[in-house]
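target-v8.cif, holding mmCIF, C-alpha atoms:
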```cif
data_upload
#
loop_
_atom_site.group_PDB
_atom_site.id
_atom_site.type_symbol
_atom_site.label_atom_id
_atom_site.label_comp_id
_atom_site.auth_asym_id
_atom_site.auth_seq_id
_atom_site.Cartn_x
_atom_site.Cartn_y
_atom_site.Cartn_z
ATOM 1 C CA MET P 1 -18.755 -15.879 -8.807
ATOM 2 C CA GLN P 2 -15.152 -15.830 -10.063
ATOM 3 C CA PRO P 3 -12.496 -13.687 -8.377
ATOM 4 C CA THR P 4 -10.777 -11.014 -10.448
ATOM 5 C CA MET P 5 -7.107 -10.063 -10.237
ATOM 6 C CA ARG P 6 -5.980 -6.495 -9.653
ATOM 7 C CA PRO P 7 -2.781 -4.778 -8.466
ATOM 8 C CA TYR P 8 -2.206 -3.276 -5.028
ATOM 9 C CA ARG P 9 -3.568 0.279 -5.075
ATOM 10 C CA SER P 10 -3.364 2.120 -1.774
ATOM 11 C CA ASP P 11 -2.793 2.008 1.975
ATOM 12 C CA ASP P 12 -6.324 0.665 2.308
ATOM 13 C CA ASP P 13 -5.129 -2.542 0.618
ATOM 14 C CA TYR P 14 -2.414 -2.917 3.256
ATOM 15 C CA TRP P 15 -5.003 -2.939 6.026
ATOM 16 C CA ARG P 16 -7.341 -5.230 4.096
ATOM 17 C CA ILE P 17 -4.560 -7.753 3.402
ATOM 18 C CA ARG P 18 -3.681 -7.789 7.098
ATOM 19 C CA SER P 19 -7.310 -8.515 8.013
ATOM 20 C CA PHE P 20 -7.473 -11.216 5.344
ATOM 21 C CA LEU P 21 -4.339 -12.962 6.634
ATOM 22 C CA SER P 22 -5.525 -12.804 10.232
ATOM 23 C CA TYR P 23 -8.876 -14.310 9.254
ATOM 24 C CA VAL P 24 -7.520 -17.158 7.112
ATOM 25 C CA PHE P 25 -4.919 -18.008 9.774
ATOM 26 C CA GLU P 26 -7.784 -18.624 12.188
ATOM 27 C CA ARG P 27 -9.757 -20.509 9.515
ATOM 28 C CA ASN P 28 -6.736 -22.772 8.971
ATOM 29 C CA HIS P 29 -6.725 -23.640 12.688
ATOM 30 C CA ARG P 30 -3.676 -21.405 13.214
ATOM 31 C CA ARG P 31 -1.515 -23.481 10.904
ATOM 32 C CA GLU P 32 0.858 -21.536 8.663
ATOM 33 C CA ILE P 33 -0.746 -22.506 5.373
ATOM 34 C CA ASN P 34 -0.498 -18.812 4.450
ATOM 35 C CA TRP P 35 1.608 -16.066 5.988
ATOM 36 C CA THR P 36 0.726 -14.746 9.403
ATOM 37 C CA LEU P 37 -0.147 -11.083 9.824
ATOM 38 C CA ALA P 38 3.138 -10.676 11.731
ATOM 39 C CA ARG P 39 5.243 -12.077 8.895
ATOM 40 C CA PHE P 40 3.463 -9.795 6.418
ATOM 41 C CA ASP P 41 4.019 -6.732 8.610
ATOM 42 C CA TYR P 42 7.712 -7.484 9.134
ATOM 43 C CA TRP P 43 8.246 -8.040 5.392
ATOM 44 C CA PHE P 44 6.165 -5.026 4.343
ATOM 45 C CA TRP P 45 8.001 -2.545 6.537
ATOM 46 C CA ALA P 46 11.545 -3.889 6.921
ATOM 47 C CA GLY P 47 11.669 -5.651 3.552
ATOM 48 C CA VAL P 48 9.651 -3.552 1.117
ATOM 49 C CA ASN P 49 10.573 -0.182 2.617
ATOM 50 C CA VAL P 50 14.260 -0.872 3.311
ATOM 51 C CA PHE P 51 15.977 -3.949 1.908
ATOM 52 C CA GLU P 52 13.999 -4.647 -1.271
ATOM 53 C CA LYS P 53 13.128 -1.094 -2.275
ATOM 54 C CA ASP P 54 15.667 -0.994 -5.132
ATOM 55 C CA TRP P 55 13.433 -3.297 -7.214
ATOM 56 C CA PHE P 56 10.104 -3.624 -5.416
ATOM 57 C CA GLN P 57 6.976 -1.769 -6.588
ATOM 58 C CA LEU P 58 3.765 -2.127 -4.586
ATOM 59 C CA ASP P 59 1.470 -1.818 -7.602
ATOM 60 C CA LYS P 60 3.441 -4.386 -9.597
ATOM 61 C CA HIS P 61 4.570 -6.976 -7.085
ATOM 62 C CA ILE P 62 1.505 -7.399 -4.845
ATOM 63 C CA LEU P 63 -1.607 -8.737 -6.567
ATOM 64 C CA LEU P 64 -5.060 -9.298 -5.094
ATOM 65 C CA TRP P 65 -7.945 -11.492 -6.248
ATOM 66 C CA GLU P 66 -11.382 -10.221 -5.240
ATOM 67 C CA LEU P 67 -15.049 -11.027 -5.706
ATOM 68 C CA GLU P 68 -17.467 -8.411 -7.024
ATOM 69 C CA ASP P 69 -18.365 -7.402 -3.467
ATOM 70 C CA GLY P 70 -14.689 -6.682 -2.692
ATOM 71 C CA GLN P 71 -13.998 -9.798 -0.621
ATOM 72 C CA ILE P 72 -10.343 -10.840 -0.928
ATOM 73 C CA THR P 73 -9.980 -14.473 -1.969
ATOM 74 C CA ALA P 74 -6.208 -14.530 -2.545
ATOM 75 C CA VAL P 75 -3.036 -12.433 -2.426
ATOM 76 C CA LEU P 76 0.201 -12.983 -4.357
ATOM 77 C CA ASN P 77 3.432 -11.457 -3.065
ATOM 78 C CA PRO P 78 7.210 -12.019 -3.045
ATOM 79 C CA GLU P 79 9.546 -11.967 -0.068
ATOM 80 C CA GLY P 80 12.947 -11.667 -1.722
ATOM 81 C CA ARG P 81 13.433 -11.112 -5.436
ATOM 82 C CA GLY P 82 12.282 -14.123 -7.447
ATOM 83 C CA ASP P 83 10.075 -15.488 -4.645
ATOM 84 C CA ALA P 84 6.331 -16.095 -4.872
ATOM 85 C CA PHE P 85 3.950 -16.777 -1.999
ATOM 86 C CA LEU P 86 0.322 -17.657 -2.687
ATOM 87 C CA GLN P 87 -1.995 -16.613 0.154
ATOM 88 C CA VAL P 88 -5.355 -18.263 -0.568
ATOM 89 C CA HIS P 89 -8.687 -18.273 1.280
ATOM 90 C CA PRO P 90 -9.565 -21.926 2.054
ATOM 91 C CA ASP P 91 -13.041 -21.564 0.499
ATOM 92 C CA PHE P 92 -11.570 -20.505 -2.868
ATOM 93 C CA CYS P 93 -8.519 -22.750 -3.124
ATOM 94 C CA THR P 94 -9.255 -24.165 -6.591
ATOM 95 C CA PRO P 95 -6.783 -25.450 -9.200
ATOM 96 C CA GLU P 96 -8.051 -22.777 -11.606
ATOM 97 C CA LEU P 97 -7.321 -19.908 -9.218
ATOM 98 C CA GLU P 98 -3.919 -21.250 -8.209
ATOM 99 C CA ARG P 99 -2.903 -21.823 -11.822
ATOM 100 C CA GLU P 100 -3.845 -18.221 -12.612
ATOM 101 C CA MET P 101 -1.782 -17.060 -9.628
ATOM 102 C CA LEU P 102 1.249 -19.094 -10.692
ATOM 103 C CA LEU P 103 1.133 -17.684 -14.221
ATOM 104 C CA ALA P 104 0.839 -14.167 -12.791
ATOM 105 C CA ALA P 105 3.845 -14.888 -10.573
ATOM 106 C CA GLU P 106 5.863 -15.974 -13.612
ATOM 107 C CA LYS P 107 4.965 -12.742 -15.357
ATOM 108 C CA TYR P 108 5.493 -10.278 -12.502
ATOM 109 C CA LEU P 109 7.736 -11.862 -9.870
ATOM 110 C CA ALA P 110 10.356 -13.925 -11.731
ATOM 111 C CA GLU P 111 13.954 -12.779 -11.223
ATOM 112 C CA PRO P 112 15.922 -11.837 -14.371
ATOM 113 C CA LEU P 113 18.981 -14.005 -15.068
ATOM 114 C CA PRO P 114 21.891 -13.574 -17.491
ATOM 115 C CA GLY P 115 21.193 -14.754 -21.026
ATOM 116 C CA GLY P 116 17.578 -13.663 -21.240
ATOM 117 C CA LYS P 117 16.252 -16.177 -18.722
ATOM 118 C CA LYS P 118 14.111 -15.721 -15.618
ATOM 119 C CA ARG P 119 13.781 -17.815 -12.478
ATOM 120 C CA LEU P 120 10.868 -18.115 -10.074
ATOM 121 C CA ARG P 121 10.833 -19.806 -6.691
ATOM 122 C CA VAL P 122 7.377 -20.758 -5.378
ATOM 123 C CA TRP P 123 6.816 -21.795 -1.776
ATOM 124 C CA THR P 124 4.188 -24.305 -0.691
ATOM 125 C CA ILE P 125 3.345 -26.497 2.300
ATOM 126 C CA GLU P 126 4.473 -30.087 1.700
ATOM 127 C CA THR P 127 0.955 -31.415 2.360
ATOM 128 C CA ASP P 128 -0.649 -29.251 -0.361
ATOM 129 C CA ASP P 129 -1.048 -31.949 -3.016
ATOM 130 C CA GLN P 130 -3.092 -29.721 -5.320
ATOM 131 C CA ARG P 131 -0.429 -27.032 -5.589
ATOM 132 C CA ARG P 132 2.402 -29.557 -5.862
ATOM 133 C CA LEU P 133 0.653 -31.217 -8.813
ATOM 134 C CA LEU P 134 0.160 -27.830 -10.455
ATOM 135 C CA LEU P 135 3.817 -26.954 -9.974
ATOM 136 C CA LYS P 136 4.928 -30.229 -11.521
ATOM 137 C CA ALA P 137 2.565 -29.725 -14.467
ATOM 138 C CA LEU P 138 4.002 -26.242 -15.069
ATOM 139 C CA GLY P 139 7.597 -27.495 -15.069
ATOM 140 C CA TYR P 140 8.757 -26.669 -11.539
ATOM 141 C CA ARG P 141 11.261 -28.811 -9.637
ATOM 142 C CA LYS P 142 11.457 -29.086 -5.860
ATOM 143 C CA SER P 143 14.685 -27.681 -4.393
ATOM 144 C CA ASP P 144 16.582 -28.763 -1.278
ATOM 145 C CA SER P 145 16.061 -25.572 0.741
ATOM 146 C CA PRO P 146 12.852 -25.872 2.780
ATOM 147 C CA GLU P 147 11.721 -23.602 5.588
ATOM 148 C CA TYR P 148 10.560 -25.144 8.853
ATOM 149 C CA MET P 149 7.515 -23.243 10.128
ATOM 150 C CA ARG P 150 7.901 -24.147 13.784
ATOM 151 C CA ARG P 151 5.328 -23.809 16.549
ATOM 152 C CA ARG P 152 4.930 -24.575 20.233
ATOM 153 C CA SER P 153 2.132 -24.342 22.767
ATOM 154 C CA LEU P 154 2.585 -21.954 25.657
ATOM 155 C CA ASP P 155 0.583 -24.339 27.812
ATOM 156 C CA LEU P 156 3.779 -26.409 27.964
ATOM 157 C CA PRO P 157 6.493 -25.543 30.513
ATOM 158 C CA ILE P 158 8.986 -22.842 29.526
ATOM 159 C CA LEU P 159 12.613 -23.675 30.249
ATOM 160 C CA GLU P 160 14.684 -21.873 32.810
ATOM 161 C CA ALA P 161 17.678 -20.768 30.750
ATOM 162 C CA PRO P 162 20.148 -18.903 32.982
ATOM 163 C CA LEU P 163 22.564 -16.387 31.538
ATOM 164 C CA PRO P 164 26.327 -16.429 32.165
ATOM 165 C CA PRO P 165 27.481 -14.103 34.967
ATOM 166 C CA GLY P 166 27.361 -10.428 33.990
ATOM 167 C CA PHE P 167 24.881 -10.836 31.105
ATOM 168 C CA THR P 168 21.375 -9.378 31.338
ATOM 169 C CA ILE P 169 18.146 -9.389 29.303
ATOM 170 C CA ARG P 170 16.135 -6.215 28.843
ATOM 171 C CA ALA P 171 13.927 -4.409 26.353
ATOM 172 C CA LEU P 172 15.581 -2.278 23.665
ATOM 173 C CA ARG P 173 15.987 1.375 24.637
ATOM 174 C CA TRP P 174 14.860 3.972 22.104
ATOM 175 C CA PRO P 175 16.651 5.767 20.570
ATOM 176 C CA GLU P 176 19.985 5.147 22.291
ATOM 177 C CA ASP P 177 20.181 1.419 21.424
ATOM 178 C CA ILE P 178 19.190 1.447 17.760
ATOM 179 C CA GLN P 179 22.673 1.786 16.251
ATOM 180 C CA ALA P 180 24.077 -0.965 18.483
ATOM 181 C CA ARG P 181 21.064 -3.183 17.798
ATOM 182 C CA SER P 182 21.407 -2.613 14.049
ATOM 183 C CA LEU P 183 25.107 -3.525 14.107
ATOM 184 C CA ALA P 184 24.402 -6.614 16.236
ATOM 185 C CA GLY P 185 21.903 -7.743 13.596
ATOM 186 C CA TRP P 186 24.473 -7.303 10.841
ATOM 187 C CA MET P 187 27.160 -9.251 12.700
ATOM 188 C CA ALA P 188 24.762 -12.038 13.710
ATOM 189 C CA PHE P 189 23.652 -12.740 10.148
ATOM 190 C CA GLN P 190 26.577 -11.524 8.000
ATOM 191 C CA GLY P 191 29.578 -12.162 10.259
ATOM 192 C CA GLU P 192 31.883 -9.806 12.098
ATOM 193 C CA ALA P 193 34.458 -9.716 9.277
ATOM 194 C CA THR P 194 31.997 -8.657 6.549
ATOM 195 C CA PRO P 195 32.108 -4.913 5.720
ATOM 196 C CA VAL P 196 29.054 -3.297 7.281
ATOM 197 C CA ASP P 197 26.248 -2.098 5.017
ATOM 198 C CA PRO P 198 25.972 1.701 5.541
ATOM 199 C CA ARG P 199 22.295 1.312 6.439
ATOM 200 C CA TYR P 200 23.292 -0.860 9.392
ATOM 201 C CA GLU P 201 26.185 1.417 10.350
ATOM 202 C CA SER P 202 23.956 4.332 11.315
ATOM 203 C CA GLY P 203 20.970 2.294 12.448
ATOM 204 C CA GLU P 204 18.590 4.913 11.040
ATOM 205 C CA TRP P 205 16.679 2.254 9.096
ATOM 206 C CA TYR P 206 15.719 0.598 12.378
ATOM 207 C CA LYS P 207 13.361 3.444 13.233
ATOM 208 C CA ILE P 208 10.896 1.992 10.735
ATOM 209 C CA PHE P 209 10.055 -0.725 13.278
ATOM 210 C CA GLN P 210 8.138 1.828 15.315
ATOM 211 C CA LYS P 211 5.740 2.262 12.377
ATOM 212 C CA ILE P 212 4.721 -1.404 12.365
ATOM 213 C CA PRO P 213 1.204 -1.603 13.853
ATOM 214 C CA ILE P 214 1.864 -4.625 16.094
ATOM 215 C CA TYR P 215 5.369 -3.609 17.210
ATOM 216 C CA ARG P 216 5.794 -3.580 20.990
ATOM 217 C CA ASN P 217 8.929 -2.243 22.614
ATOM 218 C CA ASP P 218 8.486 -4.585 25.593
ATOM 219 C CA LEU P 219 8.829 -7.539 23.178
ATOM 220 C CA GLU P 220 11.995 -6.176 21.497
ATOM 221 C CA LEU P 221 14.533 -7.995 23.659
ATOM 222 C CA VAL P 222 18.312 -7.798 23.831
ATOM 223 C CA VAL P 223 20.989 -9.589 25.836
ATOM 224 C CA THR P 224 23.767 -7.289 26.975
ATOM 225 C CA ALA P 225 27.317 -8.408 27.785
ATOM 226 C CA PRO P 226 29.115 -7.281 30.968
ATOM 227 C CA ASP P 227 30.505 -4.265 29.082
ATOM 228 C CA GLY P 228 27.013 -3.262 27.879
ATOM 229 C CA GLU P 229 27.450 -4.461 24.283
ATOM 230 C CA ILE P 230 24.397 -6.074 22.665
ATOM 231 C CA ALA P 231 25.337 -9.736 22.363
ATOM 232 C CA ALA P 232 22.044 -11.354 21.293
ATOM 233 C CA PHE P 233 18.490 -10.325 20.505
ATOM 234 C CA CYS P 234 15.025 -11.366 19.465
ATOM 235 C CA THR P 235 11.966 -9.443 18.361
ATOM 236 C CA VAL P 236 8.592 -10.935 19.216
ATOM 237 C CA TRP P 237 5.402 -9.937 17.409
ATOM 238 C CA TYR P 238 2.124 -10.330 19.275
ATOM 239 C CA GLU P 239 -1.085 -10.954 17.321
ATOM 240 C CA GLU P 240 -3.712 -10.239 19.930
ATOM 241 C CA ALA P 241 -6.700 -11.313 17.808
ATOM 242 C CA ASN P 242 -5.270 -14.811 17.304
ATOM 243 C CA HIS P 243 -3.456 -15.133 20.656
ATOM 244 C CA THR P 244 -0.258 -15.873 18.751
ATOM 245 C CA GLY P 245 3.362 -14.752 19.056
ATOM 246 C CA TYR P 246 5.904 -14.752 16.225
ATOM 247 C CA PHE P 247 9.698 -14.582 16.678
ATOM 248 C CA GLU P 248 11.551 -12.678 13.931
ATOM 249 C CA PRO P 249 14.480 -12.122 13.968
ATOM 250 C CA VAL P 250 16.520 -14.094 16.508
ATOM 251 C CA GLY P 251 20.303 -13.746 16.492
ATOM 252 C CA THR P 252 23.562 -13.829 18.445
ATOM 253 C CA VAL P 253 26.755 -11.940 17.601
ATOM 254 C CA PRO P 254 29.433 -14.561 16.684
ATOM 255 C CA THR P 255 31.766 -13.549 19.539
ATOM 256 C CA TYR P 256 29.044 -14.503 22.021
ATOM 257 C CA GLN P 257 27.727 -17.683 20.446
ATOM 258 C CA ARG P 258 27.614 -21.014 22.302
ATOM 259 C CA LYS P 259 26.895 -19.332 25.634
ATOM 260 C CA GLY P 260 23.158 -20.078 25.723
ATOM 261 C CA LEU P 261 22.195 -16.456 25.006
ATOM 262 C CA GLY P 262 19.783 -17.256 22.168
ATOM 263 C CA LYS P 263 17.999 -19.832 24.301
ATOM 264 C CA ALA P 264 17.782 -17.432 27.243
ATOM 265 C CA VAL P 265 16.377 -14.505 25.269
ATOM 266 C CA MET P 266 13.811 -16.703 23.506
ATOM 267 C CA CYS P 267 12.637 -18.163 26.808
ATOM 268 C CA GLU P 268 12.190 -14.641 28.149
ATOM 269 C CA GLY P 269 10.166 -13.826 25.029
ATOM 270 C CA LEU P 270 7.989 -16.886 25.634
ATOM 271 C CA ARG P 271 7.366 -15.855 29.235
ATOM 272 C CA ARG P 272 6.335 -12.357 28.164
ATOM 273 C CA LEU P 273 3.978 -13.787 25.545
ATOM 274 C CA LYS P 274 2.395 -16.099 28.105
ATOM 275 C CA ALA P 275 1.863 -13.159 30.467
ATOM 276 C CA LEU P 276 -0.069 -11.431 27.662
ATOM 277 C CA GLY P 277 -2.437 -14.391 27.351
ATOM 278 C CA THR P 278 -0.852 -15.928 24.263
ATOM 279 C CA ASP P 279 -1.112 -19.706 23.894
ATOM 280 C CA LEU P 280 0.816 -20.295 20.640
ATOM 281 C CA ALA P 281 4.290 -19.196 19.507
ATOM 282 C CA LEU P 282 5.775 -19.454 16.000
ATOM 283 C CA VAL P 283 9.245 -19.177 14.477
ATOM 284 C CA GLY P 284 10.733 -20.075 11.084
ATOM 285 C CA SER P 285 14.089 -21.772 10.472
ATOM 286 C CA TYR P 286 16.252 -22.826 7.523
ATOM 287 C CA SER P 287 19.605 -23.927 8.954
ATOM 288 C CA PRO P 288 20.148 -26.991 11.170
ATOM 289 C CA GLU P 289 21.752 -24.739 13.793
ATOM 290 C CA ALA P 290 18.697 -22.478 14.037
ATOM 291 C CA GLY P 291 16.412 -25.495 14.036
ATOM 292 C CA ALA P 292 18.331 -27.052 16.929
ATOM 293 C CA LEU P 293 18.088 -23.840 18.966
ATOM 294 C CA TYR P 294 14.352 -23.513 18.396
ATOM 295 C CA ALA P 295 13.702 -27.185 19.138
ATOM 296 C CA SER P 296 15.644 -26.824 22.401
ATOM 297 C CA VAL P 297 13.114 -24.251 23.646
ATOM 298 C CA GLY P 298 10.085 -26.295 22.641
ATOM 299 C CA PHE P 299 9.516 -25.554 18.943
ATOM 300 C CA THR P 300 9.474 -29.217 17.940
ATOM 301 C CA GLU P 301 6.320 -29.278 15.780
ATOM 302 C CA TYR P 302 6.427 -27.713 12.329
ATOM 303 C CA GLU P 303 4.964 -27.337 8.857
ATOM 304 C CA LEU P 304 7.520 -27.922 6.107
ATOM 305 C CA LEU P 305 7.461 -25.163 3.506
ATOM 306 C CA GLU P 306 8.905 -26.461 0.239
ATOM 307 C CA SER P 307 10.662 -24.378 -2.398
ATOM 308 C CA TRP P 308 9.880 -25.188 -6.061
ATOM 309 C CA GLU P 309 11.919 -23.534 -8.827
ATOM 310 C CA LYS P 310 11.601 -22.993 -12.554
ATOM 311 C CA GLU P 311 13.723 -21.236 -15.148
ATOM 312 C CA MET P 312 11.970 -19.810 -18.180
ATOM 313 C CA ASP P 313 12.581 -17.578 -21.156
ATOM 314 C CA SER P 314 11.860 -13.928 -20.442
ATOM 315 C CA ILE P 315 9.707 -13.685 -23.557
ATOM 316 C CA ALA P 316 7.647 -16.713 -22.588
ATOM 317 C CA SER P 317 7.020 -15.468 -19.049
ATOM 318 C CA SER P 318 6.066 -12.005 -20.280
ATOM 319 C CA LYS P 319 3.309 -13.596 -22.376
ATOM 320 C CA ALA P 320 1.877 -15.656 -19.491
ATOM 321 C CA GLU P 321 -1.858 -15.182 -19.091
#
```

Could I get this structure in the form of structure tokens?
Amino acid sequence: MQPTMRPYRSDDDYWRIRSFLSYVFERNHRREINWTLARFDYWFWAGVNVFEKDWFQLDKHILLWELEDGQITAVLNPEGRGDAFLQVHPDFCTPELEREMLLAAEKYLAEPLPGGKKRLRVWTIETDDQRRLLLKALGYRKSDSPEYMRRRSLDLPILEAPLPPGFTIRALRWPEDIQARSLAGWMAFQGEATPVDPRYESGEWYKIFQKIPIYRNDLELVVTAPDGEIAAFCTVWYEEANHTGYFEPVGTVPTYQRKGLGKAVMCEGLRRLKALGTDLALVGSYSPEAGALYASVGFTEYELLESWEKEMDSIASSKAE
């Protein structure tokens, strides 16, 4: 029985994709071969509904492959514009299905470039020889910007990471903290000198977090400076079914960097996860600085997620079948 492709249709698909990702994560022995449910939720709400909404269309940019009985065998989705992630059930991971998914990605997810070109960036685990061979055959080239999908066991000791005098860790307070938390996120990732995006200025966008099914306020942690300013933060997502925690995002305002705040707030997140019965924690990193922080709190094992890129003519990609 061959799976058939169709576009995302309704809220029911959102819930079915979540169940699919949770199931295949367990089937893959909790290795991040596909996205976790937590990563999907964070992207779907904060990404699709806020930061990517100027171009993203649910019924165009999320595709499902199903059997006749409705079982999901694969999901194709972007993260940013021009990205493609192939989420595939391990029992249906054939070259034929993945080739069909890659051609669909070229047609629907490639980013337009000047001069009538398009570019697609496909992500794959470095140990997936089948997909890497397919990518090479279709003209993709591996880039130098991998993501480290880091993990650590919570059976291992959690560091004591003391804060400097006057700093404290606590859960975010709703609604009084959301503007300050939003601005702290902007400064941590964009810099204090960069003009603030109006969405971050008001903090109104941050209210969408409360709609995410697995959001927990007690796992939304901030470090406050002696004057009460939010200096660092991390949000932890708890997947109860898989006994797994996922850190996203983690950041420190530049003024307060190199004080051990990121390490301290992550260690507090790990302790709270352990108290909930979690035995595995995950976090992703790109930069050496982030990788060093995460390794320092025990995230030393990882899957390497490679980025493969291809430029193509717009006409050619629109005819992909």

Inset, instruction - Name the residues, using the chain letters and numbers of the file, that sit within 12 Å of (23.9, -4.4, 26.8) when counting all atoms listed in the file, and give them as a PyMOL selection string. - result: chain P and resi 166-173+176-178+180-181+184+221-233

Residues matched by the PyMOL selection byres ((chain P and resi 100) around 12), written as a PDB file with C-alpha atoms, in the frame of the given file:
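For reference, selection28.pdb as written:
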```
ATOM      1  CA  GLN P   2     -15.152 -15.830 -10.063  1.00  0.00           C
ATOM      2  CA  PRO P   3     -12.496 -13.687  -8.377  1.00  0.00           C
ATOM      3  CA  THR P   4     -10.777 -11.014 -10.448  1.00  0.00           C
ATOM      4  CA  MET P   5      -7.107 -10.063 -10.237  1.00  0.00           C
ATOM      5  CA  LEU P  63      -1.607  -8.737  -6.567  1.00  0.00           C
ATOM      6  CA  LEU P  64      -5.060  -9.298  -5.094  1.00  0.00           C
ATOM      7  CA  TRP P  65      -7.945 -11.492  -6.248  1.00  0.00           C
ATOM      8  CA  ALA P  74      -6.208 -14.530  -2.545  1.00  0.00           C
ATOM      9  CA  VAL P  75      -3.036 -12.433  -2.426  1.00  0.00           C
ATOM     10  CA  LEU P  76       0.201 -12.983  -4.357  1.00  0.00           C
ATOM     11  CA  LEU P  86       0.322 -17.657  -2.687  1.00  0.00           C
ATOM     12  CA  CYS P  93      -8.519 -22.750  -3.124  1.00  0.00           C
ATOM     13  CA  THR P  94      -9.255 -24.165  -6.591  1.00  0.00           C
ATOM     14  CA  PRO P  95      -6.783 -25.450  -9.200  1.00  0.00           C
ATOM     15  CA  GLU P  96      -8.051 -22.777 -11.606  1.00  0.00           C
ATOM     16  CA  LEU P  97      -7.321 -19.908  -9.218  1.00  0.00           C
ATOM     17  CA  GLU P  98      -3.919 -21.250  -8.209  1.00  0.00           C
ATOM     18  CA  ARG P  99      -2.903 -21.823 -11.822  1.00  0.00           C
ATOM     19  CA  MET P 101      -1.782 -17.060  -9.628  1.00  0.00           C
ATOM     20  CA  LEU P 102       1.249 -19.094 -10.692  1.00  0.00           C
ATOM     21  CA  LEU P 103       1.133 -17.684 -14.221  1.00  0.00           C
ATOM     22  CA  ALA P 104       0.839 -14.167 -12.791  1.00  0.00           C
ATOM     23  CA  ALA P 105       3.845 -14.888 -10.573  1.00  0.00           C
ATOM     24  CA  GLU P 106       5.863 -15.974 -13.612  1.00  0.00           C
ATOM     25  CA  LYS P 107       4.965 -12.742 -15.357  1.00  0.00           C
ATOM     26  CA  ARG P 131      -0.429 -27.032  -5.589  1.00  0.00           C
ATOM     27  CA  LEU P 134       0.160 -27.830 -10.455  1.00  0.00           C
ATOM     28  CA  LEU P 135       3.817 -26.954  -9.974  1.00  0.00           C
ATOM     29  CA  LEU P 138       4.002 -26.242 -15.069  1.00  0.00           C
ATOM     30  CA  ALA P 320       1.877 -15.656 -19.491  1.00  0.00           C
ATOM     31  CA  GLU P 321      -1.858 -15.182 -19.091  1.00  0.00           C
TER      32      GLU P 321
END
```

Legend entry - One-decimal distance in Å that lies between atom CA of Arg119 of chain P and atom CA of Met312 of chain P: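 Going from atom CA of Met312 of chain P over to atom CA of Arg119 of chain P covers 6.3 Å.
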
Inset, instruction - Determine the residue membership of the PyMOL selection byres ((chain P and resi 28-31) around 8) for the file above and supply it as a list of chain:residue names. - result: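 Matching residues under the PyMOL selection byres ((chain P and resi 28-31) around 8) are P:Val24, P:Phe25, P:Glu26, P:Arg27, P:Glu32, P:Ile33, P:Pro90, P:Asn242, P:Glu303.
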
Legend entry - Residue among P:Lys310, P:Arg199, P:Arg81, P:His243 lying closest to Ser153 of chain P, counting only C-alpha atoms: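 Looking at the shortest contact to Ser153 of chain P, the residue is P:His243.
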
Inset, instruction - Return the single residue from P:Leu67, P:Ile17, P:Leu120, P:Leu183 that is closest to Phe40 of chain P, with distances computed using only C-alpha atoms. - result: P:Ile17

Inset, instruction - Go through P:Gly115, P:Gly185, P:Gly260, P:Gly251 one by one, measure the shortest atom-to-atom distance of each to Pro164 of chain P using only C-alpha atoms, and give the residue with the smallest value. - result: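 Using only C-alpha atoms, Pro164 of chain P sits closest to P:Gly260.
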
Inset, instruction - Step by step: start from the point (5.2, -29.8, 9.3) in the file's coordinates, keep every protein, DNA or RNA residue that has an atom no farther than 9 Å from it, count only C-alpha atoms, and write the set as a list in words. - result: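 Checked against the point, the hits come out as Ile125, Glu126, Thr127, Tyr148, Met149, Arg150, Glu301, Tyr302, Glu303, Leu304 and Leu305 of chain P.
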
Legend entry - atom CA of Gly203 of chain P to atom CA of Ser182 of chain P, straight-line distance in Å: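 Computed distance, atom CA of Ser182 of chain P to atom CA of Gly203 of chain P, equals 5.2 Å.
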
Legend entry - Nearest to Ala46 of chain P, chosen from P:Asp11, P:Glu79, P:Asp313, P:Glu147, with all atoms listed in the file counted in the distances: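 Using all atoms listed in the file, the shortest distance to Ala46 of chain P belongs to P:Glu79.
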
Taking the file as shown, what set of residues would the PyMOL selection byres ((chain P and resi 212-216) around 9) give back, as a compact mmCIF listing (two decimals) with C-alpha atoms, keeping the file's coordinate frame?
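Writing the result to expr11.txt gives the following:
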```txt
# COMPACT_ATOMS: atom_id res chain seq x y z
CA ALA P 38 3.14 -10.68 11.73
CA ASP P 41 4.02 -6.73 8.61
CA TYR P 42 7.71 -7.48 9.13
CA PHE P 44 6.16 -5.03 4.34
CA TRP P 45 8.00 -2.54 6.54
CA ILE P 208 10.90 1.99 10.74
CA PHE P 209 10.06 -0.72 13.28
CA GLN P 210 8.14 1.83 15.32
CA LYS P 211 5.74 2.26 12.38
CA ASN P 217 8.93 -2.24 22.61
CA ASP P 218 8.49 -4.58 25.59
CA LEU P 219 8.83 -7.54 23.18
CA GLU P 220 12.00 -6.18 21.50
CA THR P 235 11.97 -9.44 18.36
CA VAL P 236 8.59 -10.94 19.22
CA TRP P 237 5.40 -9.94 17.41
CA TYR P 238 2.12 -10.33 19.27
CA GLU P 239 -1.08 -10.95 17.32
CA GLU P 240 -3.71 -10.24 19.93
```

Inset, instruction - Give me, please, the distance in Å between atom CA of Glu160 of chain P and atom CA of Gln190 of chain P, quoted to one decimal. - result: 29.4 Å

Legend entry - Minimum-distance residue to Arg271 of chain P, chosen among P:Val196, P:Leu154, P:Met187, P:Leu37 (using only C-alpha atoms):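 Under the stated criterion, the closest residue is P:Leu154.
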
Mind checking which residues fall within 9 Å of Ala161 of chain P, counting only C-alpha atoms, ignoring those fewer than 4 positions away in the same chain, and posting them as a PDB file with C-alpha atoms, in the frame of the given file?
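out-v9.pdb written:
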```pdb
ATOM      1  CA  GLY P 260      23.158 -20.078  25.723  1.00  0.00           C
ATOM      2  CA  LEU P 261      22.195 -16.456  25.006  1.00  0.00           C
ATOM      3  CA  LYS P 263      17.999 -19.832  24.301  1.00  0.00           C
ATOM      4  CA  ALA P 264      17.782 -17.432  27.243  1.00  0.00           C
ATOM      5  CA  VAL P 265      16.377 -14.505  25.269  1.00  0.00           C
ATOM      6  CA  CYS P 267      12.637 -18.163  26.808  1.00  0.00           C
ATOM      7  CA  GLU P 268      12.190 -14.641  28.149  1.00  0.00           C
TER       8      GLU P 268
END
```
